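Undergrad: Structure file input02.cif (mmCIF, C-alpha atoms) right here:
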data_model
#
loop_
_atom_site.group_PDB
_atom_site.id
_atom_site.type_symbol
_atom_site.label_atom_id
_atom_site.label_comp_id
_atom_site.auth_asym_id
_atom_site.auth_seq_id
_atom_site.Cartn_x
_atom_site.Cartn_y
_atom_site.Cartn_z
ATOM 1 C CA MET H 553 -46.374 -18.261 -4.779
ATOM 2 C CA ILE H 554 -46.905 -20.976 -7.393
ATOM 3 C CA LYS H 555 -43.717 -22.845 -8.306
ATOM 4 C CA ILE H 556 -43.788 -24.899 -11.492
ATOM 5 C CA ILE H 557 -41.438 -27.840 -11.675
ATOM 6 C CA THR H 558 -40.778 -29.731 -14.882
ATOM 7 C CA ASP H 559 -38.122 -31.924 -16.427
ATOM 8 C CA SER H 560 -35.512 -31.200 -19.071
ATOM 9 C CA VAL H 561 -37.429 -33.234 -21.642
ATOM 10 C CA ALA H 562 -39.762 -30.226 -22.005
ATOM 11 C CA SER H 563 -36.854 -28.618 -23.910
ATOM 12 C CA ILE H 564 -37.799 -25.057 -23.018
ATOM 13 C CA PRO H 565 -35.041 -22.604 -23.972
ATOM 14 C CA SER H 566 -33.673 -20.709 -20.989
ATOM 15 C CA ASP H 567 -34.577 -17.326 -22.490
ATOM 16 C CA MET H 568 -38.246 -18.412 -22.549
ATOM 17 C CA LEU H 569 -38.027 -19.269 -18.838
ATOM 18 C CA ALA H 570 -36.433 -15.991 -17.771
ATOM 19 C CA GLY H 571 -38.459 -14.409 -14.987
ATOM 20 C CA LYS H 572 -40.906 -17.313 -14.771
ATOM 21 C CA PRO H 573 -41.397 -19.371 -11.590
ATOM 22 C CA VAL H 574 -40.211 -22.560 -13.308
ATOM 23 C CA GLU H 575 -37.546 -24.989 -12.113
ATOM 24 C CA VAL H 576 -36.209 -27.631 -14.483
ATOM 25 C CA VAL H 577 -34.972 -30.964 -13.171
ATOM 26 C CA THR H 578 -32.633 -32.705 -15.574
ATOM 27 C CA LEU H 579 -32.846 -36.231 -16.878
ATOM 28 C CA TYR H 580 -29.643 -37.971 -17.961
ATOM 29 C CA VAL H 581 -28.308 -39.553 -21.130
ATOM 30 C CA ASN H 582 -25.846 -42.398 -20.820
ATOM 31 C CA ARG H 583 -23.544 -42.962 -23.795
ATOM 32 C CA ASP H 584 -20.627 -45.378 -23.804
ATOM 33 C CA GLY H 585 -20.426 -45.363 -20.008
ATOM 34 C CA VAL H 586 -20.518 -41.581 -19.674
ATOM 35 C CA GLU H 587 -23.502 -39.828 -18.107
ATOM 36 C CA TYR H 588 -24.573 -36.443 -19.463
ATOM 37 C CA ALA H 589 -27.071 -34.043 -17.912
ATOM 38 C CA ASP H 590 -29.750 -33.671 -20.586
ATOM 39 C CA ALA H 591 -30.316 -30.017 -19.698
ATOM 40 C CA ALA H 592 -26.663 -29.152 -20.364
ATOM 41 C CA MET H 593 -25.977 -31.244 -23.463
ATOM 42 C CA ASP H 594 -24.884 -29.791 -26.781
ATOM 43 C CA LEU H 595 -27.547 -31.480 -28.899
ATOM 44 C CA ASP H 596 -25.905 -30.628 -32.224
ATOM 45 C CA GLU H 597 -22.722 -32.325 -31.053
ATOM 46 C CA PHE H 598 -24.634 -35.322 -29.688
ATOM 47 C CA TYR H 599 -26.632 -35.919 -32.871
ATOM 48 C CA ALA H 600 -23.693 -35.256 -35.230
ATOM 49 C CA ASP H 601 -22.740 -38.937 -35.162
ATOM 50 C CA ILE H 602 -26.087 -40.477 -34.236
ATOM 51 C CA TYR H 603 -25.906 -43.150 -36.942
ATOM 52 C CA ASP H 604 -22.600 -44.393 -35.513
ATOM 53 C CA MET H 605 -24.463 -45.220 -32.286
ATOM 54 C CA ILE H 606 -26.696 -47.926 -33.798
ATOM 55 C CA ASP H 607 -24.767 -50.753 -32.122
ATOM 56 C CA SER H 608 -24.387 -48.914 -28.824
ATOM 57 C CA ILE H 609 -27.630 -46.996 -28.352
ATOM 58 C CA PRO H 610 -27.518 -44.364 -25.617
ATOM 59 C CA THR H 611 -29.915 -44.847 -22.735
ATOM 60 C CA SER H 612 -31.635 -42.331 -20.517
ATOM 61 C CA SER H 613 -32.323 -42.181 -16.819
ATOM 62 C CA GLN H 614 -34.677 -40.182 -14.668
ATOM 63 C CA PRO H 615 -33.644 -37.882 -11.829
ATOM 64 C CA SER H 616 -33.009 -39.626 -8.529
ATOM 65 C CA GLN H 617 -35.677 -39.736 -5.852
ATOM 66 C CA HIS H 618 -33.340 -37.725 -3.643
ATOM 67 C CA THR H 619 -33.018 -34.959 -6.267
ATOM 68 C CA LEU H 620 -36.771 -34.748 -6.740
ATOM 69 C CA GLU H 621 -37.386 -34.605 -2.999
ATOM 70 C CA GLU H 622 -34.811 -31.811 -2.644
ATOM 71 C CA VAL H 623 -36.589 -29.735 -5.287
ATOM 72 C CA PHE H 624 -39.997 -30.192 -3.644
ATOM 73 C CA GLU H 625 -38.524 -29.624 -0.174
ATOM 74 C CA ARG H 626 -37.058 -26.257 -1.249
ATOM 75 C CA ALA H 627 -40.473 -25.183 -2.522
ATOM 76 C CA ALA H 628 -42.193 -26.361 0.660
ATOM 77 C CA SER H 629 -39.633 -24.535 2.820
ATOM 78 C CA SER H 630 -40.299 -21.332 0.865
ATOM 79 C CA GLY H 631 -44.038 -21.714 1.378
ATOM 80 C CA ASP H 632 -44.625 -22.216 -2.353
ATOM 81 C CA GLU H 633 -47.388 -24.322 -3.836
ATOM 82 C CA VAL H 634 -46.100 -26.631 -6.565
ATOM 83 C CA LEU H 635 -47.406 -27.614 -9.947
ATOM 84 C CA GLY H 636 -45.261 -30.385 -11.369
ATOM 85 C CA ILE H 637 -45.562 -31.176 -15.081
ATOM 86 C CA PHE H 638 -43.537 -34.150 -16.231
ATOM 87 C CA ILE H 639 -42.775 -36.386 -19.204
ATOM 88 C CA SER H 640 -45.372 -39.025 -20.037
ATOM 89 C CA SER H 641 -45.537 -41.823 -17.496
ATOM 90 C CA HIS H 642 -45.629 -44.215 -20.473
ATOM 91 C CA LEU H 643 -42.141 -43.067 -21.519
ATOM 92 C CA SER H 644 -40.337 -42.552 -18.221
ATOM 93 C CA GLY H 645 -40.588 -43.192 -14.499
ATOM 94 C CA THR H 646 -40.031 -39.483 -13.821
ATOM 95 C CA PHE H 647 -43.734 -38.757 -13.235
ATOM 96 C CA ASP H 648 -44.029 -41.587 -10.684
ATOM 97 C CA GLY H 649 -40.811 -40.473 -8.998
ATOM 98 C CA ALA H 650 -42.092 -36.908 -8.754
ATOM 99 C CA LEU H 651 -45.366 -38.112 -7.271
ATOM 100 C CA ARG H 652 -43.519 -40.177 -4.639
ATOM 101 C CA ALA H 653 -41.234 -37.224 -3.858
ATOM 102 C CA ALA H 654 -44.145 -34.803 -3.465
ATOM 103 C CA ARG H 655 -45.955 -37.227 -1.159
ATOM 104 C CA ALA H 656 -42.817 -37.673 0.962
ATOM 105 C CA VAL H 657 -42.362 -33.908 1.267
ATOM 106 C CA LYS H 658 -46.065 -33.492 2.129
ATOM 107 C CA ALA H 659 -45.636 -36.048 4.937
ATOM 108 C CA ARG H 660 -42.930 -33.814 6.449
ATOM 109 C CA ASN H 661 -44.628 -30.484 5.631
ATOM 110 C CA ILE H 662 -48.328 -30.705 6.409
ATOM 111 C CA ASP H 663 -49.145 -27.331 4.779
ATOM 112 C CA PHE H 664 -47.385 -28.179 1.492
ATOM 113 C CA THR H 665 -49.810 -28.124 -1.448
ATOM 114 C CA TYR H 666 -49.041 -29.611 -4.836
ATOM 115 C CA ARG H 667 -50.480 -30.951 -8.070
ATOM 116 C CA ILE H 668 -48.563 -33.361 -10.318
ATOM 117 C CA VAL H 669 -49.551 -33.591 -13.992
ATOM 118 C CA ASP H 670 -48.615 -36.339 -16.425
ATOM 119 C CA SER H 671 -48.054 -34.410 -19.655
ATOM 120 C CA THR H 672 -48.763 -37.600 -21.646
ATOM 121 C CA SER H 673 -46.090 -36.340 -24.012
ATOM 122 C CA CYS H 674 -42.480 -35.299 -24.296
ATOM 123 C CA GLY H 675 -40.407 -32.578 -25.886
ATOM 124 C CA PHE H 676 -41.670 -29.087 -26.406
ATOM 125 C CA ASP H 677 -45.246 -30.368 -26.455
ATOM 126 C CA GLU H 678 -44.745 -30.768 -22.704
ATOM 127 C CA GLY H 679 -43.126 -27.330 -22.643
ATOM 128 C CA TRP H 680 -46.281 -25.638 -23.914
ATOM 129 C CA ALA H 681 -48.173 -26.873 -20.851
ATOM 130 C CA VAL H 682 -45.412 -25.552 -18.577
ATOM 131 C CA LEU H 683 -45.453 -22.142 -20.244
ATOM 132 C CA ALA H 684 -49.263 -21.962 -20.091
ATOM 133 C CA ALA H 685 -49.139 -22.690 -16.362
ATOM 134 C CA ALA H 686 -46.406 -20.077 -15.864
ATOM 135 C CA ASP H 687 -48.502 -17.476 -17.710
ATOM 136 C CA ALA H 688 -51.493 -18.319 -15.500
ATOM 137 C CA ALA H 689 -49.306 -17.879 -12.410
ATOM 138 C CA ALA H 690 -48.041 -14.522 -13.705
ATOM 139 C CA ALA H 691 -51.658 -13.440 -14.195
ATOM 140 C CA GLY H 692 -52.336 -14.168 -10.522
ATOM 141 C CA GLY H 693 -53.926 -17.563 -10.951
ATOM 142 C CA ASP H 694 -54.057 -19.936 -8.019
ATOM 143 C CA LEU H 695 -52.826 -23.532 -8.128
ATOM 144 C CA ASP H 696 -56.096 -24.813 -9.575
ATOM 145 C CA ALA H 697 -56.102 -22.154 -12.320
ATOM 146 C CA CYS H 698 -52.485 -22.914 -13.230
ATOM 147 C CA THR H 699 -53.265 -26.635 -13.374
ATOM 148 C CA ALA H 700 -56.318 -25.964 -15.555
ATOM 149 C CA SER H 701 -54.194 -23.858 -17.924
ATOM 150 C CA ALA H 702 -51.652 -26.648 -18.256
ATOM 151 C CA LEU H 703 -54.366 -29.230 -18.918
ATOM 152 C CA SER H 704 -56.073 -26.977 -21.456
ATOM 153 C CA SER H 705 -52.773 -26.493 -23.269
ATOM 154 C CA MET H 706 -52.248 -30.257 -23.374
ATOM 155 C CA GLN H 707 -55.646 -30.728 -25.001
ATOM 156 C CA ALA H 708 -54.881 -28.044 -27.600
ATOM 157 C CA SER H 709 -51.575 -29.519 -28.766
ATOM 158 C CA ARG H 710 -50.261 -32.807 -30.020
ATOM 159 C CA PHE H 711 -46.943 -34.512 -30.465
ATOM 160 C CA LEU H 712 -46.057 -35.996 -33.836
ATOM 161 C CA PHE H 713 -43.254 -38.535 -33.919
ATOM 162 C CA THR H 714 -41.822 -39.055 -37.392
ATOM 163 C CA PRO H 715 -38.568 -40.999 -37.301
ATOM 164 C CA ASP H 716 -36.159 -40.652 -40.193
ATOM 165 C CA THR H 717 -35.416 -44.391 -40.066
ATOM 166 C CA LEU H 718 -36.564 -47.364 -37.986
ATOM 167 C CA PRO H 719 -33.361 -49.210 -36.919
ATOM 168 C CA PHE H 720 -33.085 -47.386 -33.582
ATOM 169 C CA LEU H 721 -36.676 -48.273 -32.692
ATOM 170 C CA GLN H 722 -36.023 -51.903 -33.562
ATOM 171 C CA LYS H 723 -32.681 -52.138 -31.726
ATOM 172 C CA GLY H 724 -34.218 -50.393 -28.703
ATOM 173 C CA GLY H 725 -37.045 -52.950 -28.591
ATOM 174 C CA ARG H 726 -39.829 -50.475 -29.427
ATOM 175 C CA ILE H 727 -40.835 -52.300 -32.652
ATOM 176 C CA GLY H 728 -40.400 -55.816 -34.014
ATOM 177 C CA GLY H 729 -38.489 -56.959 -37.055
ATOM 178 C CA ALA H 730 -41.556 -57.045 -39.268
#
Please go through the file and, once you have read it, give me the structure as C-alpha cells.

TA:
Amino acid sequence: MIKIITDSVASIPSDMLAGKPVEVVTLYVNRDGVEYADAAMDLDEFYADIYDMIDSIPTSSQPSQHTLEEVFERAASSGDEVLGIFISSHLSGTFDGALRAARAVKARNIDFTYRIVDSTSCGFDEGWAVLAAADAAAAGGDLDACTASALSSMQASRFLFTPDTLPFLQKGGRIGGA
C-alpha cells in the first residue's frame, strides 16, 4: 500500500482526508513560552489578537527527528511504501528532517521504499499535491505514479503571499527597514 505522509502546514481539513492513506505530522507554534501543536490549534482564537503579538512574535518548530522516524518506521513495519510531501525546504527544516528519518528507517528496513518531495510551498498549496497523490493511490497507482501526480499538481498551482501589513516581516527579519 502507498502511505502518504505530510505535515500540518498543508492545512488539509480532516474531512478531506477521511478514508485516504494520509498521515499528518504536526509542526509546533511557540507563543509566550507555550508550545502548541499546529494541527490542533484553534486558528480563529490564535489570530484574534495577532496585532498584539508584534513585540513577541510566535515562532515555529519542526517535528523532532524521533517523531519523523517513528512515522516512517510504522509504515515500514506495515510493508507500506511512503510518499512524503513536506513544506518548502526554504521555509523549514522539516523536509531535511524527513529525508534523514526516511534514510535511517531504510538502513534498518532494507525493503522499505520511499520518495520524499519538497513541495516548494506551504499551506493548502502543499495540500493539493497531497490530495493528488492520495487520489492516484486510490486509483491503484504505484509509488512512481503517486509521486508524478503530486509533482504535476505542484506545477499546476501557485502560492500567493499577500500580507496585510509588513511589520511582522520586518520584526521577524524577513525584510529590511527600507

Undergrad: Using all atoms listed in the file for the distances, tell me which of H:Ala688, H:Leu569, H:Leu721, H:Leu579 is nearest to Gly645 of chain H.

TA: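 Closest residue, counting all atoms listed in the file: H:Leu579.
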
Undergrad: Contacts of Gly724 of chain H at 12 Å or less, counting only C-alpha atoms, minus same-chain residues fewer than 5 places along, as a PyMOL selection string?

TA: chain H and resi 605-612+718-719+729

Undergrad: Using all atoms listed in the file, find the one residue out of H:Glu621, H:Asp687, H:Glu633, H:Asp584 that sits nearest to Asp604 of chain H.

TA: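 Going through H:Glu621, H:Asp687, H:Glu633, H:Asp584 one by one, the smallest distance to Asp604 of chain H is for H:Asp584.
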
Undergrad: Enumerate, in order of chain and increasing residue number, the residues of segment 620-678 of chain H with an atom no farther than 12 Å from segment 559-562 of chain H, each with its shortest atom pair and distance in Å to one decimal, counting all atoms listed in the file, as CSV.

TA:
residue,atom,partner,partner_atom,distance
H:Leu620,CA,H:Asp559,CA,10.2
H:Val623,CA,H:Asp559,CA,11.5
H:Gly636,CA,H:Asp559,CA,8.9
H:Ile637,CA,H:Asp559,CA,7.6
H:Phe638,CA,H:Asp559,CA,5.9
H:Ile639,CA,H:Val561,CA,6.7
H:Ser640,CA,H:Val561,CA,10.0
H:Leu643,CA,H:Val561,CA,10.9
H:Ser644,CA,H:Val561,CA,10.3
H:Gly645,CA,H:Asp559,CA,11.7
H:Thr646,CA,H:Asp559,CA,8.2
H:Phe647,CA,H:Asp559,CA,9.4
H:Gly649,CA,H:Asp559,CA,11.6
H:Ala650,CA,H:Asp559,CA,10.0
H:Val669,CA,H:Asp559,CA,11.8
H:Asp670,CA,H:Asp559,CA,11.4
H:Ser671,CA,H:Ala562,CA,9.6
H:Thr672,CA,H:Ala562,CA,11.6
H:Ser673,CA,H:Ala562,CA,9.0
H:Cys674,CA,H:Val561,CA,6.1
H:Gly675,CA,H:Ala562,CA,4.6
H:Phe676,CA,H:Ala562,CA,4.9
H:Asp677,CA,H:Ala562,CA,7.1
H:Glu678,CA,H:Ala562,CA,5.1

Undergrad: Taking the file as I've supplied it (selection: the PyMOL selection byres ((chain H and resi 590) around 7)), which residues are included? Please answer as a PDB file with C-alpha atoms, in the coordinates of the input.

TA:
ATOM      1  CA  SER H 560     -35.512 -31.200 -19.071  1.00  0.00           C
ATOM      2  CA  THR H 578     -32.633 -32.705 -15.574  1.00  0.00           C
ATOM      3  CA  LEU H 579     -32.846 -36.231 -16.878  1.00  0.00           C
ATOM      4  CA  TYR H 580     -29.643 -37.971 -17.961  1.00  0.00           C
ATOM      5  CA  VAL H 581     -28.308 -39.553 -21.130  1.00  0.00           C
ATOM      6  CA  TYR H 588     -24.573 -36.443 -19.463  1.00  0.00           C
ATOM      7  CA  ALA H 589     -27.071 -34.043 -17.912  1.00  0.00           C
ATOM      8  CA  ALA H 591     -30.316 -30.017 -19.698  1.00  0.00           C
ATOM      9  CA  ALA H 592     -26.663 -29.152 -20.364  1.00  0.00           C
ATOM     10  CA  MET H 593     -25.977 -31.244 -23.463  1.00  0.00           C
TER      11      MET H 593
END

Undergrad: Could you check the closest approach to Asp663 of chain H for each of H:Leu651, H:Ala700, H:Ala686, H:Val634 and tell me which residue wins, using only C-alpha atoms?

TA: H:Val634

Undergrad: Apply the PyMOL selection byres ((chain H and resi 701) around 9) to the structure shown and report the selected residues as a list in words.

TA: Ala681, Val682, Ala684, Ala685, Ala686, Asp687, Ala688, Asp696, Ala697, Cys698, Thr699, Ala700, Ala702, Leu703, Ser704, Ser705 and Met706 of chain H

Undergrad: Quick one: pull the distance between atom CA of Gly631 of chain H and atom CA of Ser566 of chain H, Å, one decimal.

TA: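 Taking atom CA of Gly631 of chain H as the start and atom CA of Ser566 of chain H as the end point, the length is 24.7 Å.
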